[in-house]
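Here is the structure we will look at, set down as structure tokens.
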Amino acid sequence: MARKNNNNLFFTCSLIEYMGRKVKRTRREVVEFLGKQRVKRIYEYADVFHCEPIEKVADKFIEESKMTLGTFDNEKKCRYLVPDYWGIGEVYERLIEDSYTDNEIVKGIWEVYHSWIDEHISDYNTDFYYQPRDYIAACYEEGVVL
């Protein structure tokens, strides 16, 4: 499986989360706007992009991919403490690491964000996003919340 603590993947997932919150889009929609090539570029050059403030990097990709403002606001709907974008980025990072090999990471990003689990991780009114990584990976593999 993929190596643990993949910093480029962590940054990529956190950036996707940040952009989703900023433009009020589901994370699936953010990935759609970015497209496979941009997602791959963000992942491959994350070590360079992370040297800039995440706000600046997000603005660059929002503008470049012509992301429009949506209506998805899981922060506003949250009745509890909203997890930060780094924390949610880590949930996605771990899931992708646990489910895909090192040379499948970009494919994994695309597939995870396009799967049923994206909606569950983005629902901050449940405890799903802070469950143990092996549980989340098992749910993803089975296709349902266990």
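Going by the structure tokens order, chains are called A, B, ..., each with residues numbered from 1, while ligands are numbered from 1 in the order shown.
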Report as a PDB file with N, CA, C and O atoms, in the first residue's frame all protein, DNA and RNA residues lying within 12 Å of A:Asp59, evaluated on only C-alpha atoms, omitting residues in the same chain fewer than 2 positions from it.
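The result, stored in result_13.pdb:
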```
ATOM      1  N   LEU A  15      -6.004  21.324   0.514  1.00  0.00           N
ATOM      2  CA  LEU A  15      -6.291  22.394  -0.439  1.00  0.00           C
ATOM      3  C   LEU A  15      -7.679  22.207  -1.056  1.00  0.00           C
ATOM      4  O   LEU A  15      -8.446  23.171  -1.178  1.00  0.00           O
ATOM      5  N   ILE A  16      -8.015  20.984  -1.416  1.00  0.00           N
ATOM      6  CA  ILE A  16      -9.350  20.691  -1.961  1.00  0.00           C
ATOM      7  C   ILE A  16     -10.414  21.062  -0.934  1.00  0.00           C
ATOM      8  O   ILE A  16     -11.425  21.691  -1.263  1.00  0.00           O
ATOM      9  N   TYR A  18     -10.106  23.246   1.548  1.00  0.00           N
ATOM     10  CA  TYR A  18     -10.112  24.709   1.691  1.00  0.00           C
ATOM     11  C   TYR A  18     -10.895  25.359   0.551  1.00  0.00           C
ATOM     12  O   TYR A  18     -11.730  26.236   0.777  1.00  0.00           O
ATOM     13  N   MET A  19     -10.617  24.924  -0.676  1.00  0.00           N
ATOM     14  CA  MET A  19     -11.310  25.498  -1.825  1.00  0.00           C
ATOM     15  C   MET A  19     -12.808  25.224  -1.759  1.00  0.00           C
ATOM     16  O   MET A  19     -13.617  26.102  -2.066  1.00  0.00           O
ATOM     17  N   GLY A  20     -13.178  24.019  -1.359  1.00  0.00           N
ATOM     18  CA  GLY A  20     -14.596  23.675  -1.250  1.00  0.00           C
ATOM     19  C   GLY A  20     -15.326  24.591  -0.290  1.00  0.00           C
ATOM     20  O   GLY A  20     -16.435  25.051  -0.567  1.00  0.00           O
ATOM     21  N   LYS A  22     -14.357  27.609   0.560  1.00  0.00           N
ATOM     22  CA  LYS A  22     -14.310  28.981   0.055  1.00  0.00           C
ATOM     23  C   LYS A  22     -15.356  29.234  -1.034  1.00  0.00           C
ATOM     24  O   LYS A  22     -15.990  30.287  -1.057  1.00  0.00           O
ATOM     25  N   VAL A  23     -15.533  28.291  -1.937  1.00  0.00           N
ATOM     26  CA  VAL A  23     -16.470  28.489  -3.051  1.00  0.00           C
ATOM     27  C   VAL A  23     -17.816  27.782  -2.837  1.00  0.00           C
ATOM     28  O   VAL A  23     -18.655  27.768  -3.735  1.00  0.00           O
ATOM     29  N   GLU A  52       3.723  28.663  -0.161  1.00  0.00           N
ATOM     30  CA  GLU A  52       2.872  29.866  -0.228  1.00  0.00           C
ATOM     31  C   GLU A  52       1.711  29.694   0.745  1.00  0.00           C
ATOM     32  O   GLU A  52       1.346  28.563   1.076  1.00  0.00           O
ATOM     33  N   PRO A  53       1.082  30.783   1.160  1.00  0.00           N
ATOM     34  CA  PRO A  53      -0.123  30.643   1.989  1.00  0.00           C
ATOM     35  C   PRO A  53      -1.196  29.858   1.226  1.00  0.00           C
ATOM     36  O   PRO A  53      -1.370  30.061   0.020  1.00  0.00           O
ATOM     37  N   ILE A  54      -1.887  28.984   1.924  1.00  0.00           N
ATOM     38  CA  ILE A  54      -2.894  28.140   1.255  1.00  0.00           C
ATOM     39  C   ILE A  54      -3.967  28.999   0.584  1.00  0.00           C
ATOM     40  O   ILE A  54      -4.486  28.637  -0.475  1.00  0.00           O
ATOM     41  N   GLU A  55      -4.274  30.155   1.159  1.00  0.00           N
ATOM     42  CA  GLU A  55      -5.278  31.055   0.571  1.00  0.00           C
ATOM     43  C   GLU A  55      -4.855  31.496  -0.832  1.00  0.00           C
ATOM     44  O   GLU A  55      -5.670  31.542  -1.745  1.00  0.00           O
ATOM     45  N   LYS A  56      -3.572  31.810  -0.987  1.00  0.00           N
ATOM     46  CA  LYS A  56      -3.045  32.265  -2.280  1.00  0.00           C
ATOM     47  C   LYS A  56      -3.075  31.131  -3.302  1.00  0.00           C
ATOM     48  O   LYS A  56      -3.464  31.330  -4.457  1.00  0.00           O
ATOM     49  N   VAL A  57      -2.663  29.948  -2.878  1.00  0.00           N
ATOM     50  CA  VAL A  57      -2.657  28.792  -3.778  1.00  0.00           C
ATOM     51  C   VAL A  57      -4.095  28.456  -4.187  1.00  0.00           C
ATOM     52  O   VAL A  57      -4.376  28.218  -5.369  1.00  0.00           O
ATOM     53  N   PHE A  61      -5.841  28.404  -8.094  1.00  0.00           N
ATOM     54  CA  PHE A  61      -6.516  27.274  -8.737  1.00  0.00           C
ATOM     55  C   PHE A  61      -8.009  27.508  -8.928  1.00  0.00           C
ATOM     56  O   PHE A  61      -8.590  27.010  -9.891  1.00  0.00           O
ATOM     57  N   ILE A  62      -8.629  28.271  -8.057  1.00  0.00           N
ATOM     58  CA  ILE A  62     -10.044  28.622  -8.224  1.00  0.00           C
ATOM     59  C   ILE A  62     -10.197  29.448  -9.500  1.00  0.00           C
ATOM     60  O   ILE A  62     -11.074  29.188 -10.328  1.00  0.00           O
ATOM     61  N   GLU A  63      -9.307  30.426  -9.663  1.00  0.00           N
ATOM     62  CA  GLU A  63      -9.356  31.279 -10.848  1.00  0.00           C
ATOM     63  C   GLU A  63      -9.001  30.489 -12.109  1.00  0.00           C
ATOM     64  O   GLU A  63      -9.698  30.566 -13.125  1.00  0.00           O
ATOM     65  N   GLU A  64      -7.919  29.725 -12.043  1.00  0.00           N
ATOM     66  CA  GLU A  64      -7.443  28.964 -13.209  1.00  0.00           C
ATOM     67  C   GLU A  64      -8.483  27.960 -13.704  1.00  0.00           C
ATOM     68  O   GLU A  64      -8.642  27.750 -14.907  1.00  0.00           O
ATOM     69  N   SER A  65      -9.195  27.330 -12.780  1.00  0.00           N
ATOM     70  CA  SER A  65     -10.181  26.315 -13.173  1.00  0.00           C
ATOM     71  C   SER A  65     -11.593  26.891 -13.317  1.00  0.00           C
ATOM     72  O   SER A  65     -12.537  26.142 -13.551  1.00  0.00           O
ATOM     73  N   LYS A  66     -11.701  28.220 -13.159  1.00  0.00           N
ATOM     74  CA  LYS A  66     -12.979  28.921 -13.337  1.00  0.00           C
ATOM     75  C   LYS A  66     -14.083  28.360 -12.426  1.00  0.00           C
ATOM     76  O   LYS A  66     -15.228  28.179 -12.856  1.00  0.00           O
ATOM     77  N   MET A  67     -13.707  28.100 -11.165  1.00  0.00           N
ATOM     78  CA  MET A  67     -14.690  27.625 -10.188  1.00  0.00           C
ATOM     79  C   MET A  67     -15.666  28.739  -9.878  1.00  0.00           C
ATOM     80  O   MET A  67     -15.267  29.866  -9.634  1.00  0.00           O
ATOM     81  N   THR A  68     -16.933  28.406  -9.899  1.00  0.00           N
ATOM     82  CA  THR A  68     -17.967  29.375  -9.564  1.00  0.00           C
ATOM     83  C   THR A  68     -18.486  29.099  -8.154  1.00  0.00           C
ATOM     84  O   THR A  68     -18.309  28.003  -7.626  1.00  0.00           O
TER      85      THR A  68
END
```
Query raised in the report: Using only C-alpha atoms, which residues sit within 10 Å of A:Tyr80 once same-chain residues fewer than 4 positions away are excluded, as a PyMOL selection string?
Result: chain A and resi 75-76+124-126
Selection export as an mmCIF file, in the first residue's frame, atoms kept: C-alpha atoms:
```cif
data_model
loop_
_atom_site.group_PDB
_atom_site.id
_atom_site.type_symbol
_atom_site.label_atom_id
_atom_site.label_comp_id
_atom_site.auth_asym_id
_atom_site.auth_seq_id
_atom_site.Cartn_x
_atom_site.Cartn_y
_atom_site.Cartn_z
ATOM 1 C CA GLU A 75 -19.719 24.675 7.838
ATOM 2 C CA LYS A 76 -22.959 26.643 8.244
ATOM 3 C CA TYR A 124 -19.724 17.404 10.222
ATOM 4 C CA ASN A 125 -22.896 16.630 12.198
ATOM 5 C CA THR A 126 -21.907 12.964 12.378
#
```
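With only C-alpha atoms as the atoms that count, the residue of A:Tyr129, A:Tyr100, A:Trp116, A:Phe33 with the shortest distance to A:Val144 is A:Trp116.
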List as a tab-separated table (two decimals) with N, CA and C atoms, in the first residue's frame the protein and nucleic acid residues near A:Phe128, meaning an atom at most 12 Å away when only C-alpha atoms are counted, but skip any in the same chain fewer than 2 places from it.
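Once written, out.tsv looks like this:
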```tsv
chain	number	residue	atom	x	y	z
A	88	ILE	N	-9.61	17.69	8.09
A	88	ILE	CA	-10.39	16.94	7.10
A	88	ILE	C	-9.47	16.49	5.96
A	91	VAL	N	-8.03	13.28	6.94
A	91	VAL	CA	-8.94	12.15	6.82
A	91	VAL	C	-8.90	11.59	5.40
A	117	ILE	N	-18.41	8.06	-0.24
A	117	ILE	CA	-17.86	8.40	1.08
A	117	ILE	C	-17.62	9.90	1.25
A	118	ASP	N	-17.46	10.61	0.15
A	118	ASP	CA	-17.22	12.06	0.21
A	118	ASP	C	-18.33	12.77	0.98
A	119	GLU	N	-19.57	12.39	0.71
A	119	GLU	CA	-20.72	12.99	1.39
A	119	GLU	C	-20.67	12.73	2.90
A	120	HIS	N	-20.22	11.56	3.28
A	120	HIS	CA	-20.16	11.20	4.70
A	120	HIS	C	-19.03	11.93	5.43
A	121	ILE	N	-17.89	12.05	4.80
A	121	ILE	CA	-16.77	12.77	5.43
A	121	ILE	C	-17.13	14.25	5.57
A	122	SER	N	-17.88	14.78	4.62
A	122	SER	CA	-18.25	16.20	4.64
A	122	SER	C	-19.42	16.53	5.55
A	123	ASP	N	-20.02	15.53	6.17
A	123	ASP	CA	-21.13	15.77	7.10
A	123	ASP	C	-20.56	15.91	8.50
A	124	TYR	N	-20.36	17.14	8.93
A	124	TYR	CA	-19.72	17.40	10.22
A	124	TYR	C	-20.68	17.22	11.40
A	125	ASN	N	-21.94	16.89	11.12
A	125	ASN	CA	-22.90	16.63	12.20
A	125	ASN	C	-22.91	15.16	12.60
A	126	THR	N	-22.06	14.36	11.98
A	126	THR	CA	-21.91	12.96	12.38
A	126	THR	C	-20.51	12.79	12.95
A	130	TYR	N	-14.22	11.52	12.20
A	130	TYR	CA	-13.15	11.33	13.18
A	130	TYR	C	-13.06	9.89	13.72
A	131	GLN	N	-13.62	8.97	12.96
A	131	GLN	CA	-13.45	7.56	13.29
A	131	GLN	C	-12.02	7.12	12.94
A	132	PRO	N	-11.57	6.01	13.49
A	132	PRO	CA	-10.22	5.51	13.17
A	132	PRO	C	-10.04	5.27	11.67
A	133	ARG	N	-8.85	5.52	11.20
A	133	ARG	CA	-8.58	5.41	9.77
A	133	ARG	C	-8.88	4.03	9.21
A	135	TYR	N	-11.18	1.97	10.17
A	135	TYR	CA	-12.63	1.85	10.05
A	135	TYR	C	-13.13	2.57	8.80
A	136	ILE	N	-12.65	3.79	8.59
A	136	ILE	CA	-13.07	4.56	7.41
A	136	ILE	C	-12.65	3.83	6.13
A	137	ALA	N	-11.44	3.28	6.12
A	137	ALA	CA	-10.97	2.53	4.94
A	137	ALA	C	-11.82	1.27	4.73
A	139	CYS	N	-14.98	0.88	5.58
A	139	CYS	CA	-16.26	1.36	5.06
A	139	CYS	C	-16.15	1.64	3.57
A	140	TYR	N	-15.08	2.34	3.19
A	140	TYR	CA	-14.87	2.68	1.77
A	140	TYR	C	-14.78	1.41	0.93
A	144	VAL	N	-20.20	0.97	2.18
A	144	VAL	CA	-21.25	1.41	3.12
A	144	VAL	C	-20.61	1.76	4.46
A	145	VAL	N	-21.33	2.56	5.24
A	145	VAL	CA	-20.90	2.81	6.61
A	145	VAL	C	-21.24	1.56	7.39
A	146	LEU	N	-20.24	0.96	7.97
A	146	LEU	CA	-20.41	-0.31	8.69
A	146	LEU	C	-20.98	-0.10	10.09
```
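For A:Glu17, the set of protein, DNA and RNA residues having any atom at most 10 Å away, when counting only C-alpha atoms and skipping those fewer than 2 positions along the same chain, is Phe11, Thr12, Cys13, Ser14, Leu15, Met19, Gly20, Arg21, Lys22, Arg25, Thr26, Arg27, Val30, Val31, Ala58, Asp84, Tyr85, Trp86, Gly87, Ile88, Gly89, Tyr92 and Ser122 of chain A.
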Residues as selected, C-alpha atoms, written as a PDB file, in the first residue's frame, can you do that?
```
ATOM      1  CA  PHE A  11      -1.541  19.199   1.193  1.00  0.00           C
ATOM      2  CA  THR A  12      -3.582  18.275  -1.896  1.00  0.00           C
ATOM      3  CA  CYS A  13      -6.533  17.029   0.155  1.00  0.00           C
ATOM      4  CA  SER A  14      -6.369  19.998   2.524  1.00  0.00           C
ATOM      5  CA  LEU A  15      -6.291  22.394  -0.439  1.00  0.00           C
ATOM      6  CA  MET A  19     -11.310  25.498  -1.825  1.00  0.00           C
ATOM      7  CA  GLY A  20     -14.596  23.675  -1.250  1.00  0.00           C
ATOM      8  CA  ARG A  21     -15.297  25.771   1.811  1.00  0.00           C
ATOM      9  CA  LYS A  22     -14.310  28.981   0.055  1.00  0.00           C
ATOM     10  CA  ARG A  25     -18.902  23.457  -3.425  1.00  0.00           C
ATOM     11  CA  THR A  26     -18.899  19.770  -2.565  1.00  0.00           C
ATOM     12  CA  ARG A  27     -15.407  18.359  -2.632  1.00  0.00           C
ATOM     13  CA  VAL A  30     -14.038  21.018  -6.597  1.00  0.00           C
ATOM     14  CA  VAL A  31     -12.196  18.020  -8.036  1.00  0.00           C
ATOM     15  CA  ALA A  58      -6.413  28.203  -3.523  1.00  0.00           C
ATOM     16  CA  ASP A  84     -10.434  22.664  10.293  1.00  0.00           C
ATOM     17  CA  TYR A  85      -9.517  22.027   6.677  1.00  0.00           C
ATOM     18  CA  TRP A  86      -6.159  20.482   7.669  1.00  0.00           C
ATOM     19  CA  GLY A  87      -7.964  17.926   9.846  1.00  0.00           C
ATOM     20  CA  ILE A  88     -10.387  16.942   7.097  1.00  0.00           C
ATOM     21  CA  GLY A  89      -7.516  16.913   4.590  1.00  0.00           C
ATOM     22  CA  TYR A  92      -8.915  12.045   3.018  1.00  0.00           C
ATOM     23  CA  SER A 122     -18.251  16.203   4.637  1.00  0.00           C
TER      24      SER A 122
END
```
Query raised in the report: Just how far from atom CA of A:Ser99 is atom CA of A:Tyr43, in Å to one decimal?
Result: 16.8 Å
Requested in this report: List every residue of chain A that DSSP, applied to the backbone of this structure, places in helix (DSSP H, G or I), and write the result as a PyMOL selection string.
Outcome: chain A and resi 7-23+27-44+46-49+54-64+74-77+85-99+102-113+117-121+128-130+133-142
Store the residues of this selection in a file with C-alpha atoms, as a CSV table (one decimal), in the first residue's frame.
```csv
chain,number,residue,atom,x,y,z
A,7,ASN,CA,2.9,15.2,2.7
A,8,ASN,CA,2.0,16.0,-0.9
A,9,LEU,CA,-1.3,14.1,-0.6
A,10,PHE,CA,-2.0,15.8,2.8
A,11,PHE,CA,-1.5,19.2,1.2
A,12,THR,CA,-3.6,18.3,-1.9
A,13,CYS,CA,-6.5,17.0,0.2
A,14,SER,CA,-6.4,20.0,2.5
A,15,LEU,CA,-6.3,22.4,-0.4
A,16,ILE,CA,-9.4,20.7,-2.0
A,17,GLU,CA,-11.1,21.0,1.4
A,18,TYR,CA,-10.1,24.7,1.7
A,19,MET,CA,-11.3,25.5,-1.8
A,20,GLY,CA,-14.6,23.7,-1.3
A,21,ARG,CA,-15.3,25.8,1.8
A,22,LYS,CA,-14.3,29.0,0.1
A,23,VAL,CA,-16.5,28.5,-3.1
A,27,ARG,CA,-15.4,18.4,-2.6
A,28,ARG,CA,-16.5,16.2,-5.6
A,29,GLU,CA,-17.4,19.4,-7.5
A,30,VAL,CA,-14.0,21.0,-6.6
A,31,VAL,CA,-12.2,18.0,-8.0
A,32,GLU,CA,-14.4,18.1,-11.1
A,33,PHE,CA,-13.6,21.8,-11.7
A,34,LEU,CA,-9.9,21.1,-11.2
A,35,GLY,CA,-9.9,18.2,-13.6
A,36,LYS,CA,-7.5,15.2,-13.5
A,37,GLN,CA,-4.5,17.1,-14.9
A,38,ARG,CA,-4.7,20.0,-12.3
A,39,VAL,CA,-5.2,17.5,-9.5
A,40,LYS,CA,-2.1,15.6,-10.6
A,41,ARG,CA,-0.1,18.9,-10.9
A,42,ILE,CA,-1.2,20.0,-7.4
A,43,TYR,CA,-0.2,16.6,-6.0
A,44,GLU,CA,3.2,16.4,-7.8
A,46,ALA,CA,2.6,20.2,-3.5
A,47,ASP,CA,6.0,20.6,-1.9
A,48,VAL,CA,6.4,23.9,-3.8
A,49,PHE,CA,2.8,25.1,-3.4
A,54,ILE,CA,-2.9,28.1,1.3
A,55,GLU,CA,-5.3,31.1,0.6
A,56,LYS,CA,-3.0,32.3,-2.3
A,57,VAL,CA,-2.7,28.8,-3.8
A,58,ALA,CA,-6.4,28.2,-3.5
A,59,ASP,CA,-7.2,31.5,-5.2
A,60,LYS,CA,-4.8,30.6,-8.1
A,61,PHE,CA,-6.5,27.3,-8.7
A,62,ILE,CA,-10.0,28.6,-8.2
A,63,GLU,CA,-9.4,31.3,-10.8
A,64,GLU,CA,-7.4,29.0,-13.2
A,74,ASN,CA,-21.3,22.2,5.4
A,75,GLU,CA,-19.7,24.7,7.8
A,76,LYS,CA,-23.0,26.6,8.2
A,77,LYS,CA,-25.0,23.4,8.6
A,85,TYR,CA,-9.5,22.0,6.7
A,86,TRP,CA,-6.2,20.5,7.7
A,87,GLY,CA,-8.0,17.9,9.8
A,88,ILE,CA,-10.4,16.9,7.1
A,89,GLY,CA,-7.5,16.9,4.6
A,90,GLU,CA,-5.8,14.4,6.8
A,91,VAL,CA,-8.9,12.1,6.8
A,92,TYR,CA,-8.9,12.0,3.0
A,93,GLU,CA,-5.1,11.6,2.9
A,94,ARG,CA,-5.3,8.6,5.2
A,95,LEU,CA,-8.2,7.0,3.3
A,96,ILE,CA,-6.4,7.4,0.0
A,97,GLU,CA,-3.1,6.1,1.5
A,98,ASP,CA,-4.9,3.1,3.0
A,99,SER,CA,-6.8,2.3,-0.2
A,102,ASP,CA,1.9,4.8,-4.2
A,103,ASN,CA,1.6,4.8,-8.0
A,104,GLU,CA,-2.2,5.0,-7.8
A,105,ILE,CA,-2.4,8.1,-5.6
A,106,VAL,CA,-3.8,10.5,-8.2
A,107,LYS,CA,-6.3,7.9,-9.3
A,108,GLY,CA,-7.2,7.4,-5.6
A,109,ILE,CA,-7.8,11.1,-5.2
A,110,TRP,CA,-10.1,11.1,-8.1
A,111,GLU,CA,-12.0,8.0,-7.1
A,112,VAL,CA,-12.4,8.8,-3.4
A,113,TYR,CA,-13.7,12.3,-4.1
A,117,ILE,CA,-17.9,8.4,1.1
A,118,ASP,CA,-17.2,12.1,0.2
A,119,GLU,CA,-20.7,13.0,1.4
A,120,HIS,CA,-20.2,11.2,4.7
A,121,ILE,CA,-16.8,12.8,5.4
A,128,PHE,CA,-17.9,9.6,10.8
A,129,TYR,CA,-15.0,11.9,9.9
A,130,TYR,CA,-13.2,11.3,13.2
A,133,ARG,CA,-8.6,5.4,9.8
A,134,ASP,CA,-8.9,1.6,9.5
A,135,TYR,CA,-12.6,1.9,10.1
A,136,ILE,CA,-13.1,4.6,7.4
A,137,ALA,CA,-11.0,2.5,4.9
A,138,ALA,CA,-13.0,-0.6,5.7
A,139,CYS,CA,-16.3,1.4,5.1
A,140,TYR,CA,-14.9,2.7,1.8
A,141,GLU,CA,-13.8,-0.8,0.7
A,142,GLU,CA,-17.3,-2.3,1.6
```
